[in-house]
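Data from run-v7.txt: compact mmCIF, C-alpha atoms and all ligand atoms
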```txt
# COMPACT_ATOMS: atom_id res chain seq x y z
CA MET A 5 -35.73 3.13 -4.69
CA THR A 6 -37.66 0.95 -7.16
CA ARG A 7 -40.31 2.98 -8.94
CA ASP A 8 -42.56 0.19 -10.15
CA THR A 9 -42.52 -3.57 -10.12
CA ASN A 10 -40.65 -3.95 -13.41
CA THR A 11 -37.71 -1.58 -13.17
CA GLN A 12 -34.79 -1.10 -10.83
CA LYS A 13 -31.76 1.13 -10.44
CA ALA A 14 -28.38 -0.21 -11.56
CA LEU A 15 -24.86 1.15 -12.07
CA VAL A 16 -24.26 0.93 -15.79
CA LEU A 17 -20.96 1.34 -17.64
CA ILE A 18 -21.38 3.47 -20.75
CA VAL A 19 -18.52 1.86 -22.64
CA ALA A 20 -17.87 4.59 -25.23
CA GLU A 21 -17.62 7.22 -22.49
CA ARG A 22 -15.68 5.08 -19.98
CA ASP A 23 -18.18 6.39 -17.47
CA VAL A 24 -20.84 4.97 -15.21
CA ALA A 25 -24.45 6.12 -14.84
CA LEU A 26 -27.23 5.18 -12.42
CA LEU A 27 -29.95 4.01 -14.80
CA ASP A 28 -33.38 2.38 -14.69
CA ILE A 29 -33.22 -1.11 -16.17
CA PRO A 30 -35.68 -4.04 -16.17
CA ILE A 31 -35.78 -6.41 -13.22
CA PRO A 32 -34.78 -9.77 -14.75
CA THR A 33 -36.61 -13.09 -14.55
CA PRO A 34 -34.80 -16.20 -13.27
CA GLY A 35 -33.79 -18.81 -15.83
CA PRO A 36 -33.19 -22.49 -15.00
CA GLY A 37 -31.24 -22.94 -11.77
CA GLU A 38 -31.32 -19.23 -10.99
CA VAL A 39 -32.69 -17.15 -8.16
CA LEU A 40 -33.63 -13.47 -8.13
CA VAL A 41 -31.92 -11.70 -5.21
CA LYS A 42 -32.90 -8.34 -3.77
CA VAL A 43 -29.47 -6.86 -3.12
CA HIS A 44 -28.96 -5.43 0.37
CA SER A 45 -25.19 -4.82 0.24
CA ILE A 46 -22.40 -4.69 -2.31
CA ALA A 47 -18.65 -4.84 -1.68
CA LEU A 48 -15.97 -3.27 -3.87
CA ASN A 49 -13.06 -5.07 -5.54
CA PRO A 50 -10.15 -3.57 -7.52
CA VAL A 51 -11.46 -5.13 -10.75
CA ASP A 52 -14.70 -3.17 -10.46
CA SER A 53 -12.94 0.11 -11.20
CA LEU A 54 -10.14 -1.39 -13.33
CA TYR A 55 -12.51 -2.42 -16.12
CA VAL A 56 -14.47 0.81 -16.01
CA GLY A 57 -11.32 2.85 -16.62
CA ASP A 58 -10.07 0.35 -19.20
CA PRO A 59 -13.16 -1.48 -20.48
CA LEU A 60 -13.06 -5.04 -21.77
CA ALA A 61 -16.76 -4.81 -22.52
CA GLN A 62 -17.68 -4.63 -26.18
CA GLN A 63 -21.34 -3.78 -25.68
CA ALA A 64 -22.69 -0.23 -25.50
CA THR A 65 -23.66 -0.66 -21.82
CA ARG A 66 -22.97 -3.14 -19.05
CA VAL A 67 -24.09 -3.42 -15.41
CA ILE A 68 -20.90 -3.34 -13.33
CA GLY A 69 -19.92 -4.94 -10.04
CA THR A 70 -18.98 -8.28 -8.54
CA ASP A 71 -19.79 -8.89 -4.84
CA PHE A 72 -23.33 -8.85 -3.43
CA ALA A 73 -25.38 -10.08 -0.47
CA GLY A 74 -29.15 -10.03 -0.19
CA VAL A 75 -32.36 -11.95 0.10
CA VAL A 76 -33.86 -14.38 -2.43
CA VAL A 77 -37.20 -13.05 -3.66
CA ALA A 78 -37.99 -15.52 -6.48
CA ALA A 79 -36.64 -18.75 -7.96
CA ALA A 80 -36.86 -20.44 -11.34
CA ALA A 81 -39.66 -22.93 -11.86
CA ASP A 82 -37.20 -25.86 -11.90
CA LEU A 83 -36.19 -25.03 -8.32
CA ALA A 84 -39.76 -25.12 -6.97
CA SER A 85 -39.26 -28.43 -5.21
CA SER A 86 -35.57 -27.95 -4.35
CA PRO A 87 -34.76 -28.83 -0.73
CA ASP A 88 -31.82 -26.41 -0.83
CA VAL A 89 -32.42 -23.45 1.48
CA ARG A 90 -30.62 -21.13 -0.98
CA ALA A 91 -33.35 -21.69 -3.57
CA ALA A 92 -36.23 -20.58 -1.35
CA ALA A 93 -37.70 -17.09 -1.08
CA GLY A 94 -36.45 -15.38 2.07
CA ALA A 95 -33.01 -17.04 2.02
CA ARG A 96 -30.14 -14.74 3.06
CA VAL A 97 -27.39 -15.38 0.51
CA ALA A 98 -24.19 -13.88 -0.87
CA GLY A 99 -22.28 -14.47 -4.08
CA PHE A 100 -20.49 -12.77 -6.94
CA LEU A 101 -21.02 -11.97 -10.60
CA GLN A 102 -18.53 -11.03 -13.27
CA GLY A 103 -19.68 -7.48 -13.76
CA ALA A 104 -18.05 -5.74 -16.70
CA CYS A 105 -14.80 -7.71 -16.25
CA SER A 106 -15.13 -9.65 -19.52
CA ARG A 107 -16.23 -9.24 -23.10
CA ASN A 108 -19.31 -11.42 -22.44
CA ASP A 109 -22.66 -9.73 -22.01
CA ARG A 110 -23.47 -10.70 -18.43
CA PRO A 111 -24.89 -8.22 -15.91
CA GLY A 112 -23.00 -7.45 -12.71
CA ALA A 113 -24.01 -7.05 -9.09
CA PHE A 114 -24.29 -3.30 -8.54
CA ALA A 115 -28.06 -3.23 -8.94
CA GLU A 116 -31.13 -3.49 -6.76
CA TYR A 117 -31.94 -6.97 -8.10
CA ILE A 118 -29.64 -9.58 -9.62
CA LEU A 119 -29.88 -13.12 -10.99
CA THR A 120 -27.45 -15.81 -9.89
CA PRO A 121 -27.25 -19.60 -10.03
CA TYR A 122 -28.43 -20.61 -6.56
CA ASP A 123 -25.54 -23.06 -6.11
CA LEU A 124 -22.94 -20.31 -6.55
CA THR A 125 -24.33 -18.52 -3.50
CA TRP A 126 -23.79 -19.38 0.15
CA SER A 127 -26.16 -19.31 3.11
CA VAL A 128 -25.39 -16.41 5.40
CA PRO A 129 -25.72 -17.22 9.12
CA ALA A 130 -28.40 -15.16 10.88
CA SER A 131 -25.73 -13.67 13.14
CA MET A 132 -23.77 -12.21 10.19
CA PRO A 133 -24.86 -8.83 8.81
CA LEU A 134 -25.37 -8.90 5.04
CA ALA A 135 -22.96 -5.96 4.84
CA SER A 136 -20.21 -8.25 6.14
CA ALA A 137 -21.33 -11.20 4.03
CA SER A 138 -21.03 -9.15 0.85
CA ALA A 139 -17.27 -8.88 1.48
CA VAL A 140 -16.60 -12.61 1.22
CA SER A 141 -17.58 -14.21 -2.07
CA MET A 142 -15.14 -13.03 -4.77
CA CYS A 143 -11.93 -12.75 -2.78
CA GLY A 144 -12.92 -15.75 -0.64
CA VAL A 145 -13.24 -18.05 -3.63
CA THR A 146 -10.09 -16.56 -5.23
CA ALA A 147 -8.10 -17.32 -2.08
CA ALA A 148 -9.62 -20.82 -1.96
CA GLN A 149 -8.68 -21.41 -5.59
CA GLY A 150 -5.10 -20.40 -4.72
CA VAL A 151 -4.76 -22.44 -1.55
CA PHE A 152 -6.76 -25.57 -2.38
CA PHE A 153 -7.31 -25.80 -6.16
CA ARG A 154 -3.81 -24.66 -7.22
CA GLN A 155 -1.57 -25.34 -4.23
CA GLN A 156 -3.54 -28.49 -3.36
CA LEU A 157 -3.41 -27.97 0.42
CA PRO A 158 -5.48 -30.40 2.50
CA CYS A 159 -9.08 -29.26 2.13
CA PRO A 160 -12.22 -29.94 4.16
CA PHE A 161 -14.55 -29.81 1.12
CA TRP A 162 -12.55 -30.91 -1.96
CA PRO A 163 -10.11 -33.75 -2.69
CA THR A 164 -6.52 -32.50 -2.95
CA SER A 165 -3.09 -34.12 -3.04
CA GLY A 166 -2.06 -32.42 0.24
CA TRP A 167 1.17 -30.90 1.51
CA ALA A 168 4.15 -31.36 -0.79
CA GLY A 169 7.85 -30.68 -0.40
CA VAL A 170 7.70 -30.96 3.41
CA ALA A 171 8.45 -34.02 5.54
CA PRO A 172 5.48 -35.32 7.58
CA ASP A 173 7.04 -34.25 10.88
CA GLN A 174 8.21 -30.86 9.62
CA GLU A 175 6.66 -27.51 10.49
CA ILE A 176 5.44 -25.79 7.32
CA ASN A 177 6.45 -22.20 6.58
CA TYR A 178 3.74 -20.41 4.59
CA LEU A 179 4.36 -16.83 3.40
CA VAL A 180 1.60 -14.36 2.55
CA TYR A 181 2.79 -11.20 0.81
CA GLY A 182 0.05 -8.58 1.21
CA ALA A 183 -1.37 -10.17 4.37
CA SER A 184 -3.74 -7.24 4.99
CA THR A 185 -5.32 -7.40 1.53
CA SER A 186 -8.77 -8.87 1.24
CA LEU A 187 -7.23 -11.89 -0.52
CA GLY A 188 -4.58 -12.24 2.18
CA LEU A 189 -7.13 -12.12 5.03
CA TYR A 190 -9.01 -15.04 3.47
CA ALA A 191 -5.85 -16.95 2.51
CA ALA A 192 -4.59 -16.98 6.12
CA GLN A 193 -7.88 -18.41 7.37
CA LEU A 194 -7.90 -21.09 4.68
CA VAL A 195 -4.29 -22.09 5.41
CA ARG A 196 -5.29 -22.37 9.08
CA ALA A 197 -8.25 -24.56 7.99
CA ALA A 198 -5.85 -26.76 5.97
CA ALA A 199 -3.57 -27.11 9.01
CA ARG A 200 -6.47 -28.09 11.27
CA PHE A 201 -7.87 -30.53 8.70
CA SER A 202 -4.50 -32.27 8.29
CA ASN A 203 -3.38 -31.88 11.90
CA ARG A 204 -0.16 -30.19 10.81
CA ARG A 205 1.69 -27.26 12.32
CA VAL A 206 1.88 -24.28 9.94
CA ARG A 207 3.95 -21.20 10.66
CA LEU A 208 2.32 -18.22 8.94
CA ILE A 209 4.66 -15.41 7.92
CA GLY A 210 2.92 -12.23 6.74
CA LEU A 211 3.95 -8.98 5.05
CA ALA A 212 1.73 -6.02 5.97
CA SER A 213 2.05 -2.52 7.36
CA THR A 214 2.92 -2.45 11.08
CA ALA A 215 -0.45 -0.82 11.80
CA LYS A 216 -2.14 -4.08 10.82
CA HIS A 217 0.06 -6.44 12.86
CA ALA A 218 -2.27 -6.50 15.89
CA LEU A 219 -5.22 -7.50 13.70
CA LEU A 220 -3.19 -10.19 11.93
CA SER A 221 -1.63 -11.73 15.03
CA ALA A 222 -5.09 -12.34 16.54
CA PRO A 223 -7.57 -15.08 15.53
CA PRO A 224 -8.74 -16.08 12.98
CA TYR A 225 -5.44 -15.21 11.24
CA SER A 226 -2.99 -15.85 14.11
CA TYR A 227 0.18 -15.02 12.18
CA ASP A 228 3.34 -16.32 13.79
CA VAL A 229 5.67 -13.77 12.16
CA LEU A 230 4.69 -10.32 10.86
CA ILE A 231 6.99 -8.04 8.88
CA ASP A 232 6.44 -4.58 7.42
CA TYR A 233 6.76 -4.62 3.64
CA ARG A 234 8.21 -1.12 3.70
CA GLY A 235 11.51 -2.23 5.32
CA ASP A 236 14.16 -4.77 4.26
CA TRP A 237 11.49 -7.42 4.31
CA GLU A 238 13.31 -10.01 2.27
CA ALA A 239 16.16 -10.12 4.81
CA GLU A 240 13.63 -10.36 7.63
CA VAL A 241 11.84 -13.29 5.97
CA ARG A 242 15.21 -15.04 5.42
CA ALA A 243 16.00 -14.55 9.11
CA ALA A 244 12.63 -16.00 10.07
CA ALA A 245 12.89 -18.98 7.69
CA PRO A 246 16.59 -19.57 6.93
CA ALA A 247 15.91 -22.58 4.68
CA GLY A 248 13.25 -20.67 2.75
CA VAL A 249 9.47 -20.86 2.86
CA ASP A 250 7.61 -23.96 1.68
CA TYR A 251 4.62 -22.12 0.19
CA ALA A 252 3.98 -18.54 -0.90
CA PHE A 253 0.84 -16.52 -1.73
CA ASP A 254 1.54 -13.14 -3.36
CA ALA A 255 -1.71 -11.19 -2.99
CA ILE A 256 -0.13 -8.09 -4.55
CA SER A 257 1.91 -9.48 -7.49
CA GLU A 258 2.93 -5.97 -8.57
CA GLY A 259 6.16 -4.09 -9.17
CA GLY A 260 8.56 -7.00 -8.85
CA THR A 261 7.04 -8.71 -5.79
CA VAL A 262 6.58 -11.93 -7.79
CA ARG A 263 10.33 -12.32 -8.32
CA LYS A 264 11.18 -11.27 -4.76
CA VAL A 265 8.69 -13.64 -3.17
CA HIS A 266 9.77 -16.45 -5.49
CA ASP A 267 13.38 -16.08 -4.39
CA LEU A 268 12.35 -16.73 -0.77
CA LEU A 269 11.03 -20.23 -1.55
CA ALA A 270 12.89 -23.24 -0.14
CA ALA A 271 14.95 -25.41 -2.50
CA THR A 272 12.49 -28.22 -1.71
CA ALA A 273 9.34 -26.20 -2.54
CA ALA A 274 6.84 -28.11 -4.70
CA PRO A 275 6.27 -27.01 -8.34
CA HIS A 276 2.81 -25.65 -7.43
CA ALA A 277 3.87 -23.98 -4.15
CA PHE A 278 3.64 -20.38 -5.37
CA VAL A 279 0.42 -18.62 -6.35
CA ILE A 280 0.01 -15.09 -7.71
CA PHE A 281 -3.06 -13.04 -8.60
CA ARG A 282 -1.97 -10.48 -11.18
CA ASN A 283 0.26 -10.58 -14.21
CA ASP A 284 1.64 -7.13 -13.65
CA ARG A 285 5.02 -7.52 -15.36
CA SER A 286 3.99 -10.11 -17.91
CA ASP A 287 5.79 -12.77 -15.88
CA LEU A 288 3.33 -15.17 -17.45
CA LYS A 289 2.42 -15.84 -21.08
CA PRO A 290 -0.75 -17.57 -22.20
CA ALA A 291 0.25 -21.08 -23.30
CA ALA A 292 -3.35 -21.88 -24.22
CA PRO A 293 -6.61 -20.02 -23.56
CA GLY A 294 -6.90 -19.73 -19.79
CA VAL A 295 -3.54 -21.39 -19.13
CA TRP A 296 -0.61 -19.17 -18.18
CA ARG A 297 3.01 -20.33 -18.13
CA SER A 298 6.14 -18.60 -16.86
CA THR A 299 9.74 -18.97 -17.84
CA GLY A 300 12.80 -18.21 -15.76
CA TYR A 301 11.38 -19.31 -12.42
CA ARG A 302 12.54 -22.36 -10.46
CA VAL A 303 9.05 -22.58 -8.93
CA PRO A 304 6.71 -21.24 -11.62
CA PRO A 305 4.14 -18.76 -10.33
CA VAL A 306 0.66 -20.22 -10.75
CA TYR A 307 -2.04 -17.78 -11.79
CA GLY A 308 -5.73 -18.06 -12.52
CA ALA A 309 -8.80 -15.85 -12.76
CA ALA A 310 -11.55 -15.92 -10.15
CA TRP A 311 -14.11 -15.94 -12.97
CA GLU A 312 -13.35 -19.60 -13.65
CA ALA A 313 -15.54 -20.23 -10.61
CA LEU A 314 -18.60 -19.21 -12.62
CA GLY A 315 -18.15 -22.11 -15.05
CA VAL A 316 -18.81 -20.08 -18.19
CA GLU A 317 -16.70 -19.09 -21.18
CA ILE A 318 -14.96 -15.79 -20.52
CA GLY A 319 -13.68 -13.27 -23.04
CA TYR A 320 -10.78 -11.86 -21.08
CA ASP A 321 -7.77 -9.76 -22.09
CA ASN A 322 -6.73 -11.08 -25.50
CA GLN A 323 -8.07 -14.56 -25.10
CA THR A 324 -11.22 -16.58 -24.57
CA ILE A 325 -11.02 -18.72 -21.47
CA PRO A 326 -13.12 -21.85 -22.00
CA ALA A 327 -15.72 -22.86 -19.41
CA LYS A 328 -14.03 -25.00 -16.75
CA PRO A 329 -16.60 -27.35 -15.20
CA GLU A 330 -14.14 -28.53 -12.55
CA ALA A 331 -13.46 -24.95 -11.42
CA ARG A 332 -17.22 -24.36 -11.15
CA ALA A 333 -17.68 -27.59 -9.18
CA PHE A 334 -14.88 -26.45 -6.84
CA ALA A 335 -16.57 -23.06 -6.31
CA ALA A 336 -19.96 -24.70 -5.69
CA ALA A 337 -18.34 -27.01 -3.12
CA PHE A 338 -16.62 -24.03 -1.50
CA TYR A 339 -19.86 -22.06 -1.19
CA THR A 340 -21.77 -25.08 0.09
CA TRP A 341 -19.06 -25.52 2.74
CA LEU A 342 -19.15 -21.81 3.63
CA GLY A 343 -22.84 -22.01 4.46
CA SER A 344 -22.93 -25.63 5.63
CA ALA A 345 -23.33 -24.76 9.31
CA ALA A 346 -25.12 -21.45 8.83
CA ALA A 347 -28.30 -22.79 10.44
CA ASP A 348 -26.27 -23.39 13.62
CA GLY A 349 -24.75 -19.92 13.42
CA GLU A 350 -21.27 -21.26 12.64
CA VAL A 351 -19.05 -19.02 10.51
CA LYS A 352 -16.51 -20.95 8.40
CA LEU A 353 -14.69 -17.88 7.07
CA GLN A 354 -14.71 -14.59 8.94
CA PRO A 355 -15.58 -11.72 6.58
CA ASN A 356 -13.05 -8.94 6.12
CA PRO A 357 -13.65 -6.04 8.48
CA VAL A 358 -15.95 -3.74 6.50
CA ARG A 359 -16.13 0.01 6.09
CA VAL A 360 -19.75 0.85 5.36
CA MET A 361 -19.57 3.88 3.09
CA PRO A 362 -22.11 6.72 3.18
CA GLY A 363 -24.78 6.73 0.48
CA GLY A 364 -25.81 4.05 -1.97
CA LEU A 365 -25.15 3.10 -5.59
CA GLU A 366 -24.79 6.76 -6.58
CA ARG A 367 -21.67 7.15 -4.38
CA VAL A 368 -19.80 4.04 -5.61
CA VAL A 369 -17.87 5.75 -8.40
CA PRO A 370 -17.17 9.19 -6.87
CA ASP A 371 -16.09 7.79 -3.48
CA GLY A 372 -15.50 4.05 -3.69
CA PHE A 373 -13.66 4.01 -7.00
CA ALA A 374 -11.65 7.07 -5.97
CA LEU A 375 -10.33 4.99 -3.07
CA LEU A 376 -9.83 1.81 -5.13
CA GLY A 377 -7.95 3.66 -7.83
CA TRP A 378 -7.93 2.51 -11.40
CA ASN A 379 -5.05 0.05 -11.60
CA GLN A 380 -2.35 -0.98 -9.12
CA VAL A 381 -3.25 -1.65 -5.47
CA SER A 382 0.28 -0.57 -4.45
CA ALA A 383 -0.07 2.79 -6.25
CA ARG A 384 -3.39 4.03 -4.84
CA GLN A 385 -3.61 7.72 -4.09
CA CYS A 386 -6.56 9.63 -2.72
CA ASP A 387 -6.22 12.91 -0.87
CA ARG A 388 -9.84 13.50 0.09
CA PRO A 389 -10.20 14.86 3.65
CA GLU A 390 -13.34 12.96 4.75
CA GLU A 391 -12.73 10.29 7.42
CA TYR A 392 -14.46 7.64 5.28
CA MET A 393 -12.03 8.42 2.45
CA ARG A 394 -8.92 7.20 4.32
CA PRO A 395 -6.86 4.56 2.47
CA ILE A 396 -8.21 0.99 2.32
CA SER A 397 -6.23 -1.13 4.80
CA GLY A 398 -7.23 -4.60 5.95
CA GLU A 399 -10.88 -4.07 5.09
CA LYS A 400 -13.51 -4.00 2.38
CA LEU A 401 -15.55 -1.02 1.21
CA VAL A 402 -19.26 -1.80 1.38
CA TYR A 403 -22.38 0.07 0.29
CA GLU A 404 -25.74 -0.75 1.85
CA LEU A 405 -28.66 -0.52 -0.59
CA VAL A 406 -31.04 -1.80 2.08
CA ARG A 407 -30.18 -1.29 5.73
CA GLU A 408 -30.86 -4.33 7.93
N1 LIG B 1 -6.72 -13.31 -10.11
C1 LIG B 1 -7.90 -13.04 -9.61
O1 LIG B 1 -8.88 -13.66 -9.94
C2 LIG B 1 -8.05 -11.97 -8.55
C3 LIG B 1 -9.15 -11.97 -7.71
C4 LIG B 1 -9.23 -11.03 -6.68
C5 LIG B 1 -8.25 -10.05 -6.58
N2 LIG B 1 -7.23 -10.04 -7.48
C6 LIG B 1 -6.18 -9.02 -7.41
O2 LIG B 1 -5.47 -9.19 -6.19
C7 LIG B 1 -5.00 -7.93 -5.75
C8 LIG B 1 -5.43 -7.74 -4.30
O3 LIG B 1 -6.82 -7.51 -4.24
P1 LIG B 1 -7.54 -7.22 -2.86
O4 LIG B 1 -8.96 -6.94 -3.13
O5 LIG B 1 -7.20 -8.29 -1.90
O6 LIG B 1 -6.78 -5.86 -2.43
P2 LIG B 1 -7.14 -4.82 -1.29
O7 LIG B 1 -7.71 -5.52 -0.11
O8 LIG B 1 -7.90 -3.69 -1.81
O9 LIG B 1 -5.67 -4.31 -0.94
C9 LIG B 1 -5.47 -3.33 0.05
C10 LIG B 1 -4.26 -3.71 0.85
O10 LIG B 1 -3.10 -3.69 0.01
C11 LIG B 1 -1.99 -3.56 0.85
N3 LIG B 1 -0.84 -3.08 0.08
C12 LIG B 1 -0.78 -2.01 -0.73
N4 LIG B 1 0.45 -1.92 -1.29
C13 LIG B 1 1.17 -2.97 -0.81
C14 LIG B 1 2.50 -3.41 -1.02
N5 LIG B 1 3.34 -2.75 -1.84
N6 LIG B 1 2.91 -4.51 -0.37
C15 LIG B 1 2.08 -5.19 0.45
N7 LIG B 1 0.80 -4.82 0.69
C16 LIG B 1 0.35 -3.71 0.06
C17 LIG B 1 -2.44 -2.55 1.89
O11 LIG B 1 -1.75 -2.92 3.03
P3 LIG B 1 -1.45 -2.01 4.31
O12 LIG B 1 -2.71 -1.29 4.65
O13 LIG B 1 -1.03 -3.01 5.34
O14 LIG B 1 -0.37 -1.06 3.92
C18 LIG B 1 -3.96 -2.77 1.99
O15 LIG B 1 -4.34 -3.43 3.17
C19 LIG B 1 -5.56 -6.90 -6.72
O16 LIG B 1 -4.61 -6.61 -7.72
C20 LIG B 1 -6.73 -7.61 -7.35
O17 LIG B 1 -7.08 -7.11 -8.60
C21 LIG B 1 -7.10 -10.98 -8.45
```

Translate the structure described by the file into structure tokens.
Ligand SMILES: NC(=O)c1ccc[n+]([C@@H]2O[C@H](COP(=O)([O-])OP(=O)(O)OC[C@H]3O[C@@H](n4cnc5c(N)ncnc54)[C@H](OP(=O)(O)O)[C@@H]3O)[C@@H](O)[C@H]2O)c1
Amino acid sequence: MTRDTNTQKALVLIVAERDVALLDIPIPTPGPGEVLVKVHSIALNPVDSLYVGDPLAQQATRVIGTDFAGVVVAAAADLASSPDVRAAAGARVAGFLQGACSRNDRPGAFAEYILTPYDLTWSVPASMPLASASAVSMCGVTAAQGVFFRQQLPCPFWPTSGWAGVAPDQEINYLVYGASTSLGLYAAQLVRAAARFSNRRVRLIGLASTAKHALLSAPPYSYDVLIDYRGDWEAEVRAAAPAGVDYAFDAISEGGTVRKVHDLLAATAAPHAFVIFRNDRSDLKPAAPGVWRSTGYRVPPVYGAAWEALGVEIGYDNQTIPAKPEARAFAAAFYTWLGSAAADGEVKLQPNPVRVMPGGLERVVPDGFALLGWNQVSARQCDRPEEYMRPISGEKLVYELVRE
């Protein structure tokens, strides 16, 4: 698709028009610590369309998109002697950028070439298609932030305080609301990793449509209890865990789920036992830039933005979130762990099942964003008849810019 050696195609938000165009833009040059990646696949996240329909961006134009996977084609001069495989031309890597999800002028991932700090990418095992790898980075790190950074579960790559509110010999009940979401699929695997690492027995209880129960009861998720969120699910969770659940992960956090999930927590649940990923009903108020606090909850929902992983200041909503070096260090440790056994073909986190969509960048908005919708995950509606336009369920939408 590239016409000459200096320009590339990219999906660009025209802020004044709240519209996206496929434009020619310059191919960038890596700065210190950065690699230039030829993008093979991109994966879609709800935020990609959310901030096109309701832009945070204050510039005239912004390259959109978060998740990518591709091949390193150049590295900054300061990486010339780096022993890290991710800094070498030819490396198969995946990662995420912020796209147009902030006020800051940083390009996103929906382009033929992108720049990224090499240590915020992960090595993709040779056995894993880049289309699958592109589905991991943003929701994977968000789930890891929830499970390890915020809930402090035992972690194979980062020091945490461990299980809390449960006796050492007690089975741990962990609830995932929205178990078939991308976030939920990664959360279950990471909770399983925490259980293995600490040699504890965890009982996973998941809320998802019945059609997804077979997927979720099989490895690597291996849910113990699965309940359809369309029935009287609160009563069913209470029947499954009469004393309440010890931990909860609300991957939806919309339309009152935060309160309902909260009320299923055990009386002994730790103060950081409940993580959420949206602030749909303003359950949380900013107490300081980048710090959200709730009132009226026995176990306060803990919220954070995935972007903290990038370690840069973020103009977000009505506040400026300061750079958080510890959150960046956590993300770098997570990505190093993800790719740590790639050379041996070992996969630490199974990618979401992917739906490879027809076409390339030019089809992202008319098809992909039509399926994602423009705001709530629980309120998506798309009546297109094509088979590839069926609702998103337990999977990630992926576009291949380069077919492997
Ligand atoms: N805070 C952050 O940094 C951060 C980062 C990433 C994502 N998020 C947010 O987290 C949310 C989830 O994102 P995602 O990418 O994981 O979503 P997703 O994979 O696109 O979600 C699709 C899934 O949602 C499920 N679903 C829809 N309505 C539901 C309901 N009422 N109850 C339970 N499940 C329902 C569907 O389940 P069935 O098919 O089983 O019906 C479907 O599998 C989004 O709001 C996203 O913006 C936040």

Env. residues ligand LIG 1 (chain B) / 6 Å / only C-alpha atoms and all ligand atoms / as a list in words
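So the residues close to ligand LIG 1 (chain B) are Asn49, Pro50, Val51, Cys143, Thr146, Gly182, Ser184, Thr185, Ser186, Leu187, Ala212, Ser213, Lys216, Tyr233, Ala255, Ile256, Phe281, Arg282, Gly308, Ala309, Ala310, Val381, Ser382, Ile396, Ser397 and Gly398 of chain A.
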
If we count all atoms listed in the file and set the cut-off at 6 Å, which residues sit around segment 293-298 of chain A, ignoring sequence neighbours fewer than 3 positions away in its own chain? Please answer as JSON, numbers by chain.
{"A": [287, 288, 289, 290, 304, 323, 324, 325]}

Could you work out an axis-aligned box for segment 259-266 of chain A, taking every atom the file lists and adding 4 Å on each side, and report centre and edge lengths in Å to one decimal, as AutoDock Vina command-line options?
```
--center_x 8.7 --center_y -10.3 --center_z -6.2 --size_x 13.0 --size_y 20.4 --size_z 14.0
```

Per residue of segment 282-363 of chain A within 12 Å of segment 87-96 of chain A, note the shortest atom pair and the distance in Å to one decimal, counting only C-alpha atoms, and order the rows by chain and increasing residue number, as a Markdown table.
```
| residue | atom | partner | partner_atom | distance |
| --- | --- | --- | --- | --- |
| A:Tyr339 | CA | A:Arg90 | CA | 10.8 |
| A:Thr340 | CA | A:Arg90 | CA | 9.8 |
| A:Gly343 | CA | A:Arg90 | CA | 9.5 |
| A:Ser344 | CA | A:Val89 | CA | 10.6 |
| A:Ala346 | CA | A:Arg96 | CA | 10.2 |
| A:Ala347 | CA | A:Val89 | CA | 9.9 |
```

From the set A:Tyr392, A:Gly372, A:Phe201, A:Val39, which residue has the shortest atom-to-atom contact distance to Leu83 of chain A, counting all atoms listed in the file?
A:Val39

Atomic separation - atom CA of Lys328 of chain A relative to atom CA of Ala345 of chain A, Å:
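Computed distance, atom CA of Ala345 of chain A to atom CA of Lys328 of chain A, equals 27.7 Å.
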
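With atom CA of Ala113 of chain A on one side and atom CA of Leu15 of chain A on the other, the separation reads 8.8 Å.
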
Quick one: pull the distance between atom CA of Val303 of chain A and atom CA of Phe278 of chain A, Å, one decimal.
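We find that atom CA of Val303 of chain A and atom CA of Phe278 of chain A lie 6.8 Å from each other.
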
Need the neighbours of (-16.2, -30.0, -12.2): which residues are at most 12 Å away, counting only C-alpha atoms, as a ChimeraX atom specification?
/A:153,162-163,312-316,327-337

Using all atoms listed in the file, which of the listed residues (A:Leu54, A:Ile68, A:Gln63, A:Ile176) sits closest to Leu26 of chain A?
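Checking each candidate against Leu26 of chain A, we get A:Ile68 as the closest.
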
Choose the residue, out of A:Leu194, A:Ile231, A:Val43, A:Leu269, that has the smallest atom-to-atom separation from Glu408 of chain A; count all atoms listed in the file.
A:Val43

At a cut-off of 6 Å from (-1.7, -15.7, -7.4) in the coordinates of the file, what residues are picked up using all atoms listed in the file, written as a PDB file with C-alpha atoms, keeping the file's coordinate frame?
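Final file, out07.pdb:
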```pdb
ATOM      1  CA  ASP A 254       1.540 -13.140  -3.360  1.00  0.00           C
ATOM      2  CA  VAL A 279       0.420 -18.620  -6.350  1.00  0.00           C
ATOM      3  CA  ILE A 280       0.010 -15.090  -7.710  1.00  0.00           C
ATOM      4  CA  PHE A 281      -3.060 -13.040  -8.600  1.00  0.00           C
ATOM      5  CA  TYR A 307      -2.040 -17.780 -11.790  1.00  0.00           C
TER       6      TYR A 307
END
```

Considering all atoms listed in the file, state which residue in the set A:Val140, A:Val24, A:Ile46, A:Ala130 is at the smallest distance from Leu401 of chain A.
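Selected residue with least distance to Leu401 of chain A: A:Ile46.
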
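For the choices A:Glu390, A:Asp321, A:Asp267, A:Glu240, the atom-to-atom distance to Gly300 of chain A is smallest for A:Asp267 when using all atoms listed in the file.
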
Close residues, Val151 of chain A itself excluded, 8 Å, only C-alpha atoms, min 5 positions apart in chain, as a ChimeraX atom specification
/A:156-157,191,194-195

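For the set A:Val128, A:Arg66, A:Cys105, A:Tyr178, the residue with the smallest atom-to-atom gap to Asp348 of chain A is A:Val128, counting all atoms listed in the file.
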
Which residues are near Asp236 of chain A? Cut-off 12 Å, only C-alpha atoms, ignore same chain within fewer than 5 positions. Put them as a PyMOL selection string.
chain A and resi 211+231+241-243+264
